[in-house]
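Colleague: For reference, this is structure.csv, and it has CSV, C-alpha atoms.
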```
chain,number,residue,atom,x,y,z
I,1,MET,CA,-44.6,87.4,-68.4
I,2,ALA,CA,-46.6,90.4,-67.3
I,3,THR,CA,-47.1,90.8,-63.5
I,4,THR,CA,-50.0,92.4,-61.7
I,5,THR,CA,-49.6,94.1,-58.4
I,6,VAL,CA,-52.4,93.2,-56.0
I,7,VAL,CA,-53.3,95.7,-53.3
I,8,PRO,CA,-55.0,94.1,-50.3
I,9,GLY,CA,-58.5,95.4,-49.8
I,10,ASP,CA,-58.8,96.5,-53.4
I,11,ALA,CA,-62.2,95.9,-54.9
I,12,HIS,CA,-60.5,94.4,-57.9
I,13,ASP,CA,-58.4,91.9,-55.9
I,14,LEU,CA,-60.1,88.9,-57.3
I,15,ASP,CA,-59.9,90.1,-60.9
I,16,ALA,CA,-56.2,91.0,-60.4
I,17,VAL,CA,-55.4,87.6,-59.0
I,18,ARG,CA,-57.3,85.8,-61.7
I,19,ALA,CA,-55.5,87.9,-64.4
I,20,ARG,CA,-52.2,87.1,-62.8
I,21,TYR,CA,-52.8,83.3,-62.8
I,22,GLU,CA,-54.2,83.4,-66.3
I,23,ASN,CA,-50.9,85.0,-67.3
I,24,VAL,CA,-49.0,82.2,-65.5
I,25,ASP,CA,-51.1,79.5,-67.2
I,26,HIS,CA,-50.6,81.2,-70.5
I,27,ALA,CA,-46.9,81.2,-70.0
I,28,TYR,CA,-46.9,77.6,-69.0
I,29,HIS,CA,-48.8,76.5,-72.1
I,30,GLU,CA,-46.5,78.4,-74.4
I,31,GLN,CA,-43.5,76.8,-72.9
I,32,ARG,CA,-45.2,73.4,-73.1
I,33,ASP,CA,-46.1,73.9,-76.7
I,34,ASN,CA,-42.4,74.8,-77.5
I,35,ARG,CA,-41.2,71.6,-75.7
I,36,LEU,CA,-43.9,69.6,-77.5
I,37,LEU,CA,-42.7,71.0,-80.8
I,38,GLY,CA,-39.2,70.0,-79.8
I,39,ILE,CA,-40.0,66.4,-78.9
I,40,LEU,CA,-42.1,66.1,-82.1
I,41,LEU,CA,-39.2,67.4,-84.2
I,42,PHE,CA,-36.9,65.0,-82.5
I,43,LEU,CA,-39.2,62.1,-83.3
I,44,VAL,CA,-39.6,63.3,-86.9
I,45,SER,CA,-35.8,63.4,-87.3
I,46,ASP,CA,-35.6,59.9,-85.9
I,47,VAL,CA,-38.2,58.8,-88.4
I,48,ILE,CA,-36.1,60.2,-91.2
I,49,LEU,CA,-33.0,58.4,-89.8
I,50,PHE,CA,-34.8,55.0,-89.7
I,51,THR,CA,-36.4,55.7,-93.1
I,52,MET,CA,-33.0,56.2,-94.7
I,53,PHE,CA,-31.7,52.9,-93.3
I,54,ILE,CA,-34.9,51.1,-94.3
I,55,PHE,CA,-34.7,52.3,-97.9
I,56,ALA,CA,-31.1,51.3,-98.0
I,57,TYR,CA,-32.2,47.8,-96.8
I,58,ILE,CA,-35.0,47.6,-99.4
I,59,TYR,CA,-32.5,48.8,-102.1
I,60,LEU,CA,-29.9,46.2,-101.2
I,61,ARG,CA,-32.5,43.5,-100.9
I,62,ASN,CA,-33.9,44.2,-104.3
I,63,SER,CA,-30.4,44.3,-105.9
I,64,VAL,CA,-29.8,40.6,-105.4
I,65,PRO,CA,-31.7,37.9,-107.2
I,66,ASN,CA,-32.4,35.8,-104.1
I,67,TRP,CA,-33.3,36.6,-100.5
I,68,PRO,CA,-31.9,35.5,-98.1
I,69,PRO,CA,-28.8,35.9,-100.3
I,70,ILE,CA,-26.6,33.1,-101.5
I,71,VAL,CA,-23.1,33.5,-100.0
I,72,GLU,CA,-19.7,32.2,-100.9
I,73,GLY,CA,-19.8,28.4,-101.0
I,74,GLY,CA,-23.2,28.4,-102.7
I,75,HIS,CA,-25.5,28.0,-99.7
I,76,GLN,CA,-28.4,30.3,-99.0
I,77,LEU,CA,-28.6,32.0,-95.6
I,78,PRO,CA,-31.5,31.0,-93.4
I,79,ARG,CA,-34.5,33.2,-92.7
I,80,PHE,CA,-34.8,34.8,-89.3
I,81,ASP,CA,-36.8,33.0,-86.6
I,82,VAL,CA,-40.2,34.5,-86.9
I,83,ASN,CA,-41.6,32.7,-83.8
I,84,PHE,CA,-39.2,34.1,-81.4
I,85,ALA,CA,-39.4,37.6,-83.1
I,86,ALA,CA,-43.2,37.5,-82.7
I,87,PHE,CA,-42.9,36.7,-79.0
I,88,ASN,CA,-40.3,39.4,-78.5
I,89,SER,CA,-42.4,41.9,-80.5
I,90,ILE,CA,-45.3,41.3,-78.2
I,91,VAL,CA,-43.1,42.0,-75.2
I,92,LEU,CA,-42.3,45.4,-76.7
I,93,PHE,CA,-45.9,46.2,-77.7
I,94,GLY,CA,-47.0,45.2,-74.2
I,95,SER,CA,-44.6,47.7,-72.8
I,96,GLY,CA,-46.3,50.3,-75.0
I,97,ALA,CA,-49.6,49.4,-73.5
I,98,THR,CA,-48.3,49.5,-69.9
I,99,MET,CA,-46.7,52.9,-70.6
I,100,HIS,CA,-50.1,54.2,-71.8
I,101,PHE,CA,-51.7,52.9,-68.6
I,102,ALA,CA,-48.9,54.7,-66.6
I,103,MET,CA,-49.7,57.9,-68.3
I,104,GLU,CA,-53.5,57.5,-67.7
I,105,SER,CA,-52.9,56.7,-64.1
I,106,TRP,CA,-50.9,59.9,-63.7
I,107,LYS,CA,-53.7,61.9,-65.3
I,108,HIS,CA,-56.2,60.3,-62.9
I,109,LEU,CA,-53.9,61.2,-60.0
I,110,ASN,CA,-53.3,57.5,-59.1
I,111,ARG,CA,-49.6,57.7,-58.2
I,112,PRO,CA,-49.2,54.1,-56.9
I,113,ALA,CA,-50.7,52.7,-60.2
I,114,PHE,CA,-48.5,55.1,-62.2
I,115,PHE,CA,-45.3,53.7,-60.5
I,116,ARG,CA,-46.5,50.1,-61.0
I,117,TRP,CA,-47.2,50.5,-64.7
I,118,LEU,CA,-43.9,52.5,-65.2
I,119,ILE,CA,-41.9,49.7,-63.5
I,120,ALA,CA,-43.8,47.1,-65.7
I,121,THR,CA,-42.8,49.1,-68.8
I,122,ILE,CA,-39.1,49.3,-67.7
I,123,VAL,CA,-39.1,45.5,-67.0
I,124,LEU,CA,-40.7,44.7,-70.4
I,125,GLY,CA,-38.2,47.0,-72.1
I,126,ILE,CA,-35.3,45.2,-70.5
I,127,GLY,CA,-37.0,41.9,-71.4
I,128,PHE,CA,-37.1,43.0,-75.0
I,129,LEU,CA,-33.4,43.9,-75.0
I,130,ALA,CA,-32.6,40.6,-73.3
I,131,GLY,CA,-34.5,38.8,-76.1
I,132,GLN,CA,-32.7,40.7,-78.7
I,133,ALA,CA,-29.3,39.8,-77.1
I,134,TYR,CA,-30.4,36.2,-77.1
I,135,GLU,CA,-31.4,36.3,-80.8
I,136,TYR,CA,-28.1,38.0,-81.7
I,137,SER,CA,-26.1,35.2,-79.9
I,138,SER,CA,-28.1,32.4,-81.6
I,139,LEU,CA,-27.9,33.7,-85.2
I,140,ALA,CA,-25.8,32.0,-87.8
I,141,ILE,CA,-24.9,35.3,-89.6
I,142,SER,CA,-22.7,38.1,-88.5
I,143,TRP,CA,-22.4,41.8,-89.2
I,144,ALA,CA,-19.8,41.2,-91.9
I,145,GLY,CA,-20.0,38.8,-94.8
I,146,SER,CA,-23.5,39.6,-96.2
I,147,THR,CA,-25.8,42.4,-96.8
I,148,MET,CA,-28.5,40.6,-94.9
I,149,GLY,CA,-26.4,40.5,-91.7
I,150,ALA,CA,-25.1,44.1,-92.2
I,151,THR,CA,-28.6,45.6,-92.7
I,152,PHE,CA,-30.2,43.5,-89.9
I,153,PHE,CA,-27.6,44.3,-87.3
I,154,THR,CA,-27.5,48.0,-88.2
I,155,LEU,CA,-31.2,48.5,-88.1
I,156,THR,CA,-32.1,46.3,-85.2
I,157,GLY,CA,-29.0,47.5,-83.3
I,158,MET,CA,-30.0,51.1,-83.8
I,159,HIS,CA,-33.5,50.3,-82.6
I,160,GLY,CA,-32.1,48.4,-79.6
I,161,PHE,CA,-30.0,51.4,-78.7
I,162,HIS,CA,-33.2,53.5,-78.8
I,163,VAL,CA,-34.9,51.1,-76.5
I,164,PHE,CA,-32.0,51.2,-74.2
I,165,ALA,CA,-32.1,55.0,-74.2
I,166,GLY,CA,-35.8,54.8,-73.6
I,167,VAL,CA,-35.3,52.5,-70.6
I,168,VAL,CA,-32.8,55.0,-69.1
I,169,PHE,CA,-35.3,57.9,-70.0
I,170,LEU,CA,-38.1,56.1,-68.1
I,171,CYS,CA,-35.9,55.4,-65.1
I,172,ILE,CA,-35.1,59.1,-64.9
I,173,LEU,CA,-38.7,60.0,-65.2
I,174,GLY,CA,-39.6,57.6,-62.4
I,175,PHE,CA,-37.0,59.2,-60.1
I,176,GLN,CA,-38.2,62.7,-61.1
I,177,ALA,CA,-41.8,61.8,-60.4
I,178,ARG,CA,-40.9,60.3,-57.1
I,179,ALA,CA,-39.0,63.5,-56.2
I,180,GLY,CA,-42.1,65.6,-57.0
I,181,VAL,CA,-40.8,67.3,-60.1
I,182,TYR,CA,-44.2,66.7,-61.8
I,183,THR,CA,-47.6,67.8,-60.6
I,184,GLU,CA,-51.1,66.9,-61.5
I,185,SER,CA,-51.2,69.7,-64.1
I,186,LYS,CA,-47.5,70.0,-65.1
I,187,TYR,CA,-46.1,66.7,-66.4
I,188,PHE,CA,-44.7,67.3,-69.8
I,189,GLY,CA,-41.7,65.1,-69.2
I,190,LEU,CA,-44.0,62.1,-68.7
I,191,THR,CA,-45.9,63.0,-71.9
I,192,ALA,CA,-42.5,63.2,-73.8
I,193,GLY,CA,-41.5,59.9,-72.4
I,194,THR,CA,-44.7,58.3,-73.4
I,195,LEU,CA,-44.5,59.6,-76.9
I,196,TYR,CA,-40.9,58.4,-77.2
I,197,TRP,CA,-41.7,55.0,-76.0
I,198,HIS,CA,-44.7,54.6,-78.4
I,199,PHE,CA,-42.5,55.8,-81.2
I,200,VAL,CA,-39.9,53.1,-80.4
I,201,ASP,CA,-42.7,50.5,-80.4
I,202,VAL,CA,-43.9,51.7,-83.8
I,203,ILE,CA,-40.5,51.6,-85.4
I,204,TRP,CA,-40.3,48.0,-84.3
I,205,VAL,CA,-43.6,47.3,-86.2
I,206,ALA,CA,-41.8,48.3,-89.4
I,207,LEU,CA,-38.6,46.3,-88.6
I,208,PHE,CA,-40.6,43.3,-87.7
I,209,PHE,CA,-42.4,43.3,-91.0
I,210,LEU,CA,-39.3,44.0,-93.1
I,211,PHE,CA,-36.9,41.5,-91.5
I,212,TYR,CA,-39.2,38.6,-90.4
I,213,LEU,CA,-42.4,38.7,-92.4
I,214,TRP,CA,-41.4,40.1,-95.9
W,215,MET,CA,-37.3,20.7,-74.2
W,216,ASN,CA,-36.9,19.6,-77.8
W,217,ALA,CA,-36.5,21.8,-80.9
W,218,THR,CA,-40.1,21.5,-82.0
W,219,MET,CA,-41.7,22.4,-78.7
W,220,LEU,CA,-39.9,25.8,-78.3
W,221,PRO,CA,-41.4,27.4,-81.4
W,222,MET,CA,-44.9,26.2,-80.4
W,223,ILE,CA,-44.5,27.8,-77.0
W,224,GLU,CA,-43.2,31.0,-78.5
W,225,ARG,CA,-46.1,31.1,-81.0
W,226,GLY,CA,-48.6,30.4,-78.1
W,227,LEU,CA,-47.2,33.1,-76.0
W,228,ALA,CA,-47.1,35.5,-79.0
W,229,LEU,CA,-50.8,34.6,-79.8
W,230,ILE,CA,-52.0,35.3,-76.2
W,231,GLY,CA,-49.9,38.4,-76.0
W,232,ALA,CA,-51.1,39.8,-79.3
W,233,LEU,CA,-54.7,39.3,-78.4
W,234,VAL,CA,-54.3,40.9,-75.0
W,235,VAL,CA,-52.2,43.8,-76.2
W,236,GLY,CA,-54.2,44.3,-79.4
W,237,VAL,CA,-57.6,44.4,-77.6
W,238,THR,CA,-56.2,46.6,-74.8
W,239,THR,CA,-54.7,49.0,-77.3
W,240,THR,CA,-57.8,49.2,-79.4
W,241,ILE,CA,-59.9,49.9,-76.2
W,242,GLN,CA,-57.5,52.6,-75.2
W,243,LEU,CA,-57.6,54.1,-78.7
W,244,LYS,CA,-61.4,54.1,-78.6
W,245,ASN,CA,-61.4,55.8,-75.1
W,246,ASP,CA,-58.9,58.5,-76.3
W,247,TRP,CA,-60.6,59.0,-79.6
W,248,LYS,CA,-62.2,62.3,-78.7
W,249,SER,CA,-59.3,63.8,-76.9
W,250,VAL,CA,-57.8,66.9,-78.5
W,251,GLY,CA,-54.3,68.4,-78.8
W,252,ILE,CA,-51.4,67.5,-81.0
W,253,ASP,CA,-49.8,65.2,-78.3
W,254,ASN,CA,-53.0,63.2,-78.1
W,255,ALA,CA,-53.3,63.1,-81.8
W,256,VAL,CA,-49.7,61.7,-82.1
W,257,THR,CA,-50.5,59.2,-79.2
W,258,LYS,CA,-53.6,58.0,-81.1
W,259,LEU,CA,-51.6,57.5,-84.3
W,260,LEU,CA,-48.9,55.6,-82.5
W,261,LEU,CA,-51.5,53.5,-80.6
W,262,GLY,CA,-53.2,52.7,-83.9
W,263,LEU,CA,-49.9,51.6,-85.4
W,264,MET,CA,-49.2,49.5,-82.3
W,265,ALA,CA,-52.5,47.7,-82.8
W,266,PHE,CA,-51.5,47.1,-86.4
W,267,GLY,CA,-48.3,45.6,-85.1
W,268,CYS,CA,-50.4,43.1,-83.0
W,269,VAL,CA,-52.3,42.2,-86.2
W,270,LEU,CA,-49.0,41.5,-87.9
W,271,VAL,CA,-47.9,39.3,-85.0
W,272,LEU,CA,-51.2,37.4,-85.3
W,273,LEU,CA,-50.7,36.9,-89.0
W,274,ALA,CA,-47.1,35.6,-88.3
W,275,VAL,CA,-48.4,33.2,-85.6
W,276,PHE,CA,-51.0,31.7,-88.0
W,277,GLY,CA,-48.4,31.4,-90.8
W,278,VAL,CA,-50.1,33.9,-93.1
W,279,LEU,CA,-47.0,36.0,-93.2
W,280,GLY,CA,-43.4,35.1,-92.7
W,281,GLY,CA,-43.8,31.4,-93.4
```
Please express what this file holds, its structure, as structure tokens.

Modeller:
Amino acid sequence: MATTTVVPGDAHDLDAVRARYENVDHAYHEQRDNRLLGILLFLVSDVILFTMFIFAYIYLRNSVPNWPPIVEGGHQLPRFDVNFAAFNSIVLFGSGATMHFAMESWKHLNRPAFFRWLIATIVLGIGFLAGQAYEYSSLAISWAGSTMGATFFTLTGMHGFHVFAGVVFLCILGFQARAGVYTESKYFGLTAGTLYWHFVDVIWVALFFLFYLW
Amino acid sequence: MNATMLPMIERGLALIGALVVGVTTTIQLKNDWKSVGIDNAVTKLLLGLMAFGCVLVLLAVFGVLGG
């Protein structure tokens, strides 16, 4: 970053100061763009990861004549409970909306509202995880024994881990925001957190369709 | 609570939630439509997909899909 020496009383003081701050702003935007590229590449790599598992699921599903598959003993496995999944999906989508409100509150310099919406997002995220734990405990299938169970637990478990990581991420962001790490003009961490949380929501849209509606 | 009431409650809550979240997300998407920058573009895409998710939930609640 180029620096400009400002001599007090110099007729060009103002121009020099302006040039200096323009340089600072420029440096900040460059750094921000690099970090934005970083988080977008991370999200793309995660999309590839989920896509591979989803294609494996589609392949396995199409390789058997019946779905849900017929297991040893001749009985067909039951479908997943779409009612509870619909409710739990809305808990997660609701958390996406609250996270968006949190970000908007930060941009409009409304700190109390930001913390309220962020806490709501964290609570809804934990609620989704609790719902998923309840669903796992009430299912008649297990990880082993059928392709249905293996693919379901692998994909939803991987997604659940992402939600858990997101909740931890949001908690850290909340503490950082409270400690004054972010300002009204420099808050890339919050942008990254919002993008990650929306991404986790959208992955669930695909999983909800594939496992419960298809 | 019997076994037939619980699914009804879940569907009712999912219906209300899908309407609230879907409408809210669509309004946010409309408000942010003219914002520029790649982060805003990605946010708009993700909000749109989330609204689509709410539509899927509505279709599931009404038994159009997943029945």

Colleague: Could you tell me which of I:Ile122, I:Ile141, I:Leu213, I:Ala97 comes closest to Leu261 of chain W if we count all atoms listed in the file?

Modeller: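 That would be I:Ala97, the residue with the smallest distance to Leu261 of chain W.
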
Colleague: How close does chain I get to chain W? List, as CSV, each residue of chain I within 7 Å, its nearest atom pair and the distance in Å to one decimal, counting all atoms listed in the file.

Modeller:
```
residue,atom,partner,partner_atom,distance
I:Val82,CA,W:Gly280,CA,6.7
I:Asn83,CA,W:Arg225,CA,5.5
I:Phe84,CA,W:Glu224,CA,5.8
I:Ala86,CA,W:Val271,CA,5.5
I:Phe87,CA,W:Ala228,CA,4.4
I:Ile90,CA,W:Gly231,CA,5.9
I:Phe93,CA,W:Met264,CA,6.6
I:Gly94,CA,W:Val235,CA,5.7
I:Ala97,CA,W:Thr239,CA,6.4
I:Leu195,CA,W:Thr257,CA,6.4
I:His198,CA,W:Leu260,CA,6.0
I:Phe199,CA,W:Leu260,CA,6.5
I:Asp201,CA,W:Met264,CA,6.8
I:Val202,CA,W:Met264,CA,5.9
I:Val205,CA,W:Gly267,CA,5.1
I:Tyr212,CA,W:Gly280,CA,5.9
I:Leu213,CA,W:Gly280,CA,3.7
I:Trp214,CA,W:Gly280,CA,6.3
```

Colleague: Provide the atom CA of Asn88 of chain I to atom CA of Tyr134 of chain I distance in Å, to one decimal place.

Modeller: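 Distance reported for this atom pair: 10.5 Å.
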
Colleague: Compare I:Glu104, I:Glu184, I:Asp81, I:Glu72 by their minimum atom-to-atom distance to Ser138 of chain I, counting only C-alpha atoms, and give me the closest one.

Modeller: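 Of all the options, I:Asp81 lies closest to Ser138 of chain I.
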
Colleague: Near Phe42 of chain I, within 12 Å and counting only C-alpha atoms, which residues show up once chain neighbours fewer than 6 positions away are dropped, as an NGL selection string?

Modeller: :I and (35-36 or 48-49 or 192 or 195-196 or 199)

Colleague: For the selection you just gave me, I'd like the residues written to a file as a PDB file, in the coordinates of the input, keeping C-alpha atoms.

Modeller:
```
ATOM      1  CA  ARG I  35     -41.200  71.600 -75.700  1.00  0.00           C
ATOM      2  CA  LEU I  36     -43.900  69.600 -77.500  1.00  0.00           C
ATOM      3  CA  ILE I  48     -36.100  60.200 -91.200  1.00  0.00           C
ATOM      4  CA  LEU I  49     -33.000  58.400 -89.800  1.00  0.00           C
ATOM      5  CA  ALA I 192     -42.500  63.200 -73.800  1.00  0.00           C
ATOM      6  CA  LEU I 195     -44.500  59.600 -76.900  1.00  0.00           C
ATOM      7  CA  TYR I 196     -40.900  58.400 -77.200  1.00  0.00           C
ATOM      8  CA  PHE I 199     -42.500  55.800 -81.200  1.00  0.00           C
TER       9      PHE I 199
END
```

Colleague: By how many Å are atom CA of Phe53 of chain I and atom CA of Gly157 of chain I apart?

Modeller: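 Computing the Euclidean distance for atom CA of Phe53 of chain I and atom CA of Gly157 of chain I yields 11.7 Å.
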
Colleague: Check the smallest atom-to-atom distance from each of I:Phe114, I:Asn34, I:Arg79, I:Ala102 to Arg178 of chain I using all atoms listed in the file, then report the winner.

Modeller: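 Using all atoms listed in the file, the shortest distance to Arg178 of chain I belongs to I:Phe114.
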
Colleague: Between atom CA of His162 of chain I and atom CA of Ile203 of chain I, what distance in Å does the model show, to one decimal?

Modeller: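 Taking atom CA of His162 of chain I and atom CA of Ile203 of chain I, their separation equals 10.0 Å.
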